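Raw contents of upload10.cif, mmCIF, N, CA and C atoms:
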```cif
data_data
#
loop_
_atom_site.label_atom_id
_atom_site.label_comp_id
_atom_site.auth_asym_id
_atom_site.auth_seq_id
_atom_site.Cartn_x
_atom_site.Cartn_y
_atom_site.Cartn_z
N MET A 1 76.16 -116.60 -59.47
CA MET A 1 75.26 -117.23 -58.53
C MET A 1 75.88 -118.55 -58.05
N VAL A 2 75.78 -118.81 -56.77
CA VAL A 2 76.38 -119.98 -56.15
C VAL A 2 75.49 -121.20 -56.38
N ASP A 3 76.11 -122.34 -56.71
CA ASP A 3 75.39 -123.59 -56.89
C ASP A 3 75.39 -124.35 -55.56
N PHE A 4 74.31 -124.20 -54.80
CA PHE A 4 74.24 -124.82 -53.48
C PHE A 4 74.08 -126.34 -53.54
N SER A 5 73.77 -126.88 -54.70
CA SER A 5 73.63 -128.34 -54.79
C SER A 5 74.97 -129.04 -54.54
N GLN A 6 76.07 -128.32 -54.68
CA GLN A 6 77.39 -128.89 -54.46
C GLN A 6 77.84 -128.80 -53.01
N TYR A 7 77.09 -128.08 -52.19
CA TYR A 7 77.45 -127.90 -50.78
C TYR A 7 77.05 -129.13 -49.98
N ASP A 8 77.84 -129.44 -48.95
CA ASP A 8 77.43 -130.52 -48.05
C ASP A 8 76.41 -129.98 -47.05
N ASP A 9 75.81 -130.88 -46.29
CA ASP A 9 74.75 -130.49 -45.36
C ASP A 9 75.22 -129.49 -44.31
N ASN A 10 76.42 -129.66 -43.81
CA ASN A 10 76.92 -128.72 -42.79
C ASN A 10 77.07 -127.31 -43.36
N GLN A 11 77.55 -127.23 -44.59
CA GLN A 11 77.69 -125.92 -45.23
C GLN A 11 76.32 -125.28 -45.45
N LEU A 12 75.36 -126.09 -45.89
CA LEU A 12 74.01 -125.57 -46.10
C LEU A 12 73.38 -125.12 -44.79
N LEU A 13 73.59 -125.90 -43.74
CA LEU A 13 73.03 -125.56 -42.44
C LEU A 13 73.60 -124.24 -41.92
N GLU A 14 74.89 -124.03 -42.10
CA GLU A 14 75.49 -122.77 -41.67
C GLU A 14 74.91 -121.58 -42.44
N ARG A 15 74.70 -121.76 -43.72
CA ARG A 15 74.13 -120.68 -44.51
C ARG A 15 72.65 -120.47 -44.17
N LEU A 16 71.96 -121.56 -43.87
CA LEU A 16 70.57 -121.45 -43.43
C LEU A 16 70.49 -120.63 -42.15
N LYS A 17 71.37 -120.89 -41.22
CA LYS A 17 71.39 -120.14 -39.96
C LYS A 17 71.65 -118.65 -40.19
N ALA A 18 72.30 -118.33 -41.31
CA ALA A 18 72.57 -116.94 -41.67
C ALA A 18 71.46 -116.37 -42.56
N ASP A 19 70.29 -117.01 -42.54
CA ASP A 19 69.10 -116.54 -43.25
C ASP A 19 69.20 -116.63 -44.77
N ASN A 20 69.97 -117.57 -45.27
CA ASN A 20 70.12 -117.71 -46.71
C ASN A 20 68.98 -118.58 -47.25
N GLU A 21 68.07 -117.94 -47.99
CA GLU A 21 66.90 -118.64 -48.53
C GLU A 21 67.29 -119.69 -49.57
N ARG A 22 68.33 -119.42 -50.33
CA ARG A 22 68.74 -120.40 -51.35
C ARG A 22 69.32 -121.66 -50.71
N ALA A 23 69.95 -121.53 -49.56
CA ALA A 23 70.42 -122.71 -48.83
C ALA A 23 69.23 -123.53 -48.35
N PHE A 24 68.20 -122.84 -47.87
CA PHE A 24 66.97 -123.53 -47.46
C PHE A 24 66.36 -124.28 -48.65
N THR A 25 66.30 -123.61 -49.79
CA THR A 25 65.74 -124.24 -50.99
C THR A 25 66.55 -125.47 -51.39
N ALA A 26 67.86 -125.39 -51.27
CA ALA A 26 68.71 -126.53 -51.60
C ALA A 26 68.45 -127.70 -50.65
N ILE A 27 68.28 -127.41 -49.36
CA ILE A 27 67.95 -128.46 -48.38
C ILE A 27 66.61 -129.07 -48.73
N TYR A 28 65.63 -128.23 -49.04
CA TYR A 28 64.30 -128.71 -49.41
C TYR A 28 64.39 -129.66 -50.61
N HIS A 29 65.05 -129.24 -51.66
CA HIS A 29 65.14 -130.07 -52.87
C HIS A 29 65.94 -131.35 -52.62
N ARG A 30 66.90 -131.29 -51.74
CA ARG A 30 67.71 -132.46 -51.44
C ARG A 30 66.91 -133.52 -50.67
N TYR A 31 66.00 -133.10 -49.80
CA TYR A 31 65.38 -134.05 -48.86
C TYR A 31 63.87 -134.24 -48.96
N TRP A 32 63.14 -133.41 -49.71
CA TRP A 32 61.69 -133.52 -49.65
C TRP A 32 61.18 -134.87 -50.13
N LYS A 33 61.76 -135.44 -51.18
CA LYS A 33 61.28 -136.75 -51.68
C LYS A 33 61.49 -137.84 -50.64
N LEU A 34 62.64 -137.86 -50.02
CA LEU A 34 62.93 -138.85 -48.99
C LEU A 34 61.96 -138.69 -47.82
N LEU A 35 61.79 -137.47 -47.35
CA LEU A 35 60.91 -137.22 -46.21
C LEU A 35 59.46 -137.56 -46.55
N PHE A 36 59.04 -137.23 -47.76
CA PHE A 36 57.68 -137.56 -48.18
C PHE A 36 57.49 -139.07 -48.22
N SER A 37 58.46 -139.78 -48.73
CA SER A 37 58.39 -141.24 -48.80
C SER A 37 58.30 -141.87 -47.41
N VAL A 38 59.15 -141.41 -46.50
CA VAL A 38 59.13 -141.92 -45.12
C VAL A 38 57.77 -141.66 -44.49
N THR A 39 57.25 -140.47 -44.70
CA THR A 39 55.98 -140.07 -44.08
C THR A 39 54.80 -140.79 -44.72
N ALA A 40 54.82 -140.93 -46.03
CA ALA A 40 53.71 -141.59 -46.73
C ALA A 40 53.56 -143.04 -46.29
N ASN A 41 54.66 -143.67 -45.90
CA ASN A 41 54.60 -145.05 -45.42
C ASN A 41 53.99 -145.16 -44.03
N LYS A 42 53.91 -144.06 -43.32
CA LYS A 42 53.39 -144.07 -41.95
C LYS A 42 51.94 -143.59 -41.86
N LEU A 43 51.50 -142.80 -42.82
CA LEU A 43 50.17 -142.19 -42.75
C LEU A 43 49.24 -142.80 -43.79
N THR A 44 47.95 -142.56 -43.61
CA THR A 44 46.96 -143.19 -44.49
C THR A 44 46.69 -142.41 -45.77
N THR A 45 46.99 -141.11 -45.78
CA THR A 45 46.76 -140.34 -47.01
C THR A 45 48.02 -139.58 -47.42
N LEU A 46 48.14 -139.38 -48.72
CA LEU A 46 49.27 -138.61 -49.23
C LEU A 46 49.14 -137.14 -48.85
N ASP A 47 47.91 -136.65 -48.72
CA ASP A 47 47.72 -135.27 -48.27
C ASP A 47 48.29 -135.06 -46.87
N ASP A 48 48.05 -136.04 -45.99
CA ASP A 48 48.62 -135.95 -44.64
C ASP A 48 50.14 -135.98 -44.68
N ALA A 49 50.69 -136.83 -45.54
CA ALA A 49 52.15 -136.91 -45.66
C ALA A 49 52.72 -135.58 -46.15
N GLU A 50 52.06 -134.99 -47.13
CA GLU A 50 52.51 -133.70 -47.65
C GLU A 50 52.43 -132.63 -46.56
N GLU A 51 51.35 -132.64 -45.79
CA GLU A 51 51.18 -131.67 -44.70
C GLU A 51 52.31 -131.79 -43.67
N VAL A 52 52.65 -133.01 -43.31
CA VAL A 52 53.70 -133.24 -42.32
C VAL A 52 55.05 -132.73 -42.84
N VAL A 53 55.38 -133.05 -44.07
CA VAL A 53 56.65 -132.60 -44.64
C VAL A 53 56.69 -131.07 -44.71
N GLN A 54 55.59 -130.46 -45.11
CA GLN A 54 55.54 -129.00 -45.15
C GLN A 54 55.75 -128.41 -43.76
N GLU A 55 55.11 -129.00 -42.75
CA GLU A 55 55.27 -128.50 -41.38
C GLU A 55 56.72 -128.58 -40.93
N VAL A 56 57.39 -129.66 -41.28
CA VAL A 56 58.79 -129.82 -40.89
C VAL A 56 59.66 -128.74 -41.55
N PHE A 57 59.43 -128.47 -42.82
CA PHE A 57 60.23 -127.45 -43.49
C PHE A 57 59.89 -126.04 -43.01
N VAL A 58 58.63 -125.78 -42.71
CA VAL A 58 58.26 -124.48 -42.14
C VAL A 58 58.95 -124.30 -40.79
N ASP A 59 58.93 -125.35 -39.98
CA ASP A 59 59.59 -125.29 -38.68
C ASP A 59 61.10 -125.09 -38.83
N LEU A 60 61.70 -125.77 -39.79
CA LEU A 60 63.14 -125.60 -40.04
C LEU A 60 63.44 -124.14 -40.37
N TRP A 61 62.65 -123.54 -41.23
CA TRP A 61 62.88 -122.14 -41.58
C TRP A 61 62.65 -121.22 -40.38
N ASN A 62 61.57 -121.45 -39.67
CA ASN A 62 61.24 -120.57 -38.54
C ASN A 62 62.27 -120.66 -37.41
N ARG A 63 62.90 -121.80 -37.25
CA ARG A 63 63.87 -121.97 -36.17
C ARG A 63 65.31 -121.96 -36.68
N ARG A 64 65.52 -121.48 -37.87
CA ARG A 64 66.83 -121.57 -38.52
C ARG A 64 67.97 -120.96 -37.71
N SER A 65 67.71 -119.87 -37.02
CA SER A 65 68.80 -119.21 -36.30
C SER A 65 69.18 -119.92 -35.01
N SER A 66 68.29 -120.74 -34.49
CA SER A 66 68.57 -121.40 -33.21
C SER A 66 68.62 -122.92 -33.30
N ILE A 67 68.53 -123.45 -34.50
CA ILE A 67 68.47 -124.90 -34.66
C ILE A 67 69.78 -125.56 -34.24
N GLN A 68 69.65 -126.66 -33.53
CA GLN A 68 70.82 -127.42 -33.07
C GLN A 68 70.72 -128.83 -33.64
N VAL A 69 71.53 -129.13 -34.64
CA VAL A 69 71.54 -130.46 -35.24
C VAL A 69 72.75 -131.19 -34.68
N THR A 70 72.49 -132.19 -33.84
CA THR A 70 73.58 -132.93 -33.21
C THR A 70 73.92 -134.20 -33.98
N THR A 71 73.04 -134.59 -34.89
CA THR A 71 73.30 -135.73 -35.77
C THR A 71 73.51 -135.16 -37.17
N SER A 72 73.29 -135.95 -38.17
CA SER A 72 73.32 -135.41 -39.53
C SER A 72 72.01 -134.68 -39.80
N LEU A 73 72.04 -133.77 -40.75
CA LEU A 73 70.83 -133.05 -41.13
C LEU A 73 69.77 -134.03 -41.62
N LYS A 74 70.19 -135.02 -42.37
CA LYS A 74 69.26 -136.04 -42.88
C LYS A 74 68.57 -136.76 -41.73
N SER A 75 69.32 -137.17 -40.72
CA SER A 75 68.73 -137.84 -39.56
C SER A 75 67.82 -136.91 -38.78
N TYR A 76 68.23 -135.67 -38.64
CA TYR A 76 67.42 -134.68 -37.94
C TYR A 76 66.07 -134.51 -38.63
N LEU A 77 66.09 -134.35 -39.94
CA LEU A 77 64.85 -134.15 -40.68
C LEU A 77 63.98 -135.40 -40.66
N ALA A 78 64.60 -136.57 -40.79
CA ALA A 78 63.84 -137.83 -40.74
C ALA A 78 63.17 -138.00 -39.39
N ALA A 79 63.87 -137.69 -38.32
CA ALA A 79 63.28 -137.78 -36.98
C ALA A 79 62.15 -136.76 -36.83
N SER A 80 62.32 -135.59 -37.42
CA SER A 80 61.29 -134.56 -37.35
C SER A 80 60.00 -135.00 -38.03
N VAL A 81 60.10 -135.60 -39.21
CA VAL A 81 58.87 -136.03 -39.89
C VAL A 81 58.23 -137.21 -39.17
N LYS A 82 59.04 -138.08 -38.59
CA LYS A 82 58.47 -139.19 -37.82
C LYS A 82 57.70 -138.66 -36.62
N TYR A 83 58.25 -137.69 -35.93
CA TYR A 83 57.57 -137.10 -34.78
C TYR A 83 56.30 -136.37 -35.22
N GLN A 84 56.39 -135.59 -36.28
CA GLN A 84 55.21 -134.86 -36.77
C GLN A 84 54.12 -135.83 -37.23
N ALA A 85 54.52 -136.93 -37.87
CA ALA A 85 53.53 -137.93 -38.31
C ALA A 85 52.85 -138.56 -37.10
N TRP A 86 53.64 -138.90 -36.10
CA TRP A 86 53.07 -139.48 -34.88
C TRP A 86 52.11 -138.49 -34.23
N SER A 87 52.50 -137.24 -34.18
CA SER A 87 51.68 -136.20 -33.58
C SER A 87 50.36 -136.05 -34.35
N LEU A 88 50.43 -136.06 -35.66
CA LEU A 88 49.22 -135.96 -36.48
C LEU A 88 48.31 -137.16 -36.24
N MET A 89 48.88 -138.36 -36.19
CA MET A 89 48.07 -139.56 -35.94
C MET A 89 47.39 -139.48 -34.57
N ALA A 90 48.10 -138.99 -33.58
CA ALA A 90 47.52 -138.86 -32.23
C ALA A 90 46.37 -137.85 -32.25
N ARG A 91 46.54 -136.73 -32.94
CA ARG A 91 45.46 -135.74 -33.05
C ARG A 91 44.24 -136.33 -33.74
N ARG A 92 44.48 -137.08 -34.81
CA ARG A 92 43.36 -137.68 -35.55
C ARG A 92 42.63 -138.71 -34.69
N GLN A 93 43.37 -139.49 -33.92
CA GLN A 93 42.74 -140.46 -33.02
C GLN A 93 41.88 -139.76 -31.99
N LYS A 94 42.39 -138.67 -31.44
CA LYS A 94 41.64 -137.92 -30.44
C LYS A 94 40.37 -137.34 -31.05
N GLU A 95 40.48 -136.80 -32.26
CA GLU A 95 39.30 -136.26 -32.94
C GLU A 95 38.27 -137.36 -33.18
N LEU A 96 38.72 -138.54 -33.58
CA LEU A 96 37.82 -139.66 -33.83
C LEU A 96 37.10 -140.08 -32.55
N ARG A 97 37.84 -140.18 -31.46
CA ARG A 97 37.22 -140.54 -30.17
C ARG A 97 36.20 -139.49 -29.75
N ASN A 98 36.52 -138.23 -29.93
CA ASN A 98 35.58 -137.17 -29.57
C ASN A 98 34.32 -137.24 -30.43
N ARG A 99 34.46 -137.49 -31.72
CA ARG A 99 33.29 -137.63 -32.59
C ARG A 99 32.44 -138.82 -32.18
N GLU A 100 33.10 -139.93 -31.85
CA GLU A 100 32.36 -141.11 -31.42
C GLU A 100 31.59 -140.84 -30.14
N ARG A 101 32.20 -140.12 -29.22
CA ARG A 101 31.50 -139.77 -27.98
C ARG A 101 30.30 -138.87 -28.25
N LEU A 102 30.47 -137.93 -29.15
CA LEU A 102 29.37 -137.02 -29.46
C LEU A 102 28.21 -137.74 -30.14
N THR A 103 28.52 -138.66 -31.02
CA THR A 103 27.44 -139.39 -31.70
C THR A 103 26.76 -140.38 -30.76
N ALA A 104 27.42 -140.77 -29.69
CA ALA A 104 26.82 -141.69 -28.72
C ALA A 104 25.91 -140.98 -27.72
N LEU A 105 25.99 -139.66 -27.69
CA LEU A 105 25.14 -138.90 -26.76
C LEU A 105 23.68 -138.98 -27.19
N PRO A 106 22.77 -139.03 -26.20
CA PRO A 106 21.34 -139.10 -26.54
C PRO A 106 20.82 -137.79 -27.12
#
```
Whole structure, structure tokens version:
Amino acid sequence: MVDFSQYDDNQLLERLKADNERAFTAIYHRYWKLLFSVTANKLTTLDDAEEVVQEVFVDLWNRRSSIQVTTSLKSYLAASVKYQAWSLMARRQKELRNRERLTALP
């Protein structure tokens, strides 16, 4: 069995594109703590941070064959969680405004 923890990000990314689940798992284990930490500092709940990180990894797997990483994988994933966190905050703000409007109705 191959030890993917010794592979660099480019090697893992190439294997991920070839549908290698163990390469995906190695990427997950390499970066989930960092991504969770970055996201937890931006959001109000740890559940939201966990949701964002999960969404990023699901998206990585779903788009594995067509993914284009022009920076480092670490930078790509960090930018992805920042975007997903921003998107979640925007959705929550919209939901809050809608609730406030509904409660203001006679």
* Residues of chain A in helix (DSSP H, G or I), written as a ChimeraX atom specification -> /A:4-6,9-17,21-40,46-62,73-104
* **Result set, the PyMOL selection byres ((chain A and resi 6-23) around 6.5) on current file, as JSON, numbers by chain** => {"A": [3, 4, 5, 24, 25, 26, 27, 28, 64, 65, 66, 73]}
* What's the 9 Å shell around segment 77-82 of chain A, counting only C-alpha atoms, without same-chain residues fewer than 2 positions away, as an MDAnalysis selection string? -> chainID A and resid 31 34:36 38:39 42 49 52:53 55:57 60 72:75 84:87
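Between atom C of Asn41 of chain A and atom CA of Met89 of chain A the interatomic distance comes to 11.5 Å.
Distance-wise, atom CA of Arg30 of chain A and atom N of Tyr76 of chain A end up 13.2 Å apart.
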* **Distance in Å - atom N of Lys33 of chain A versus atom CA of Gln54 of chain A** => 10.8 Å
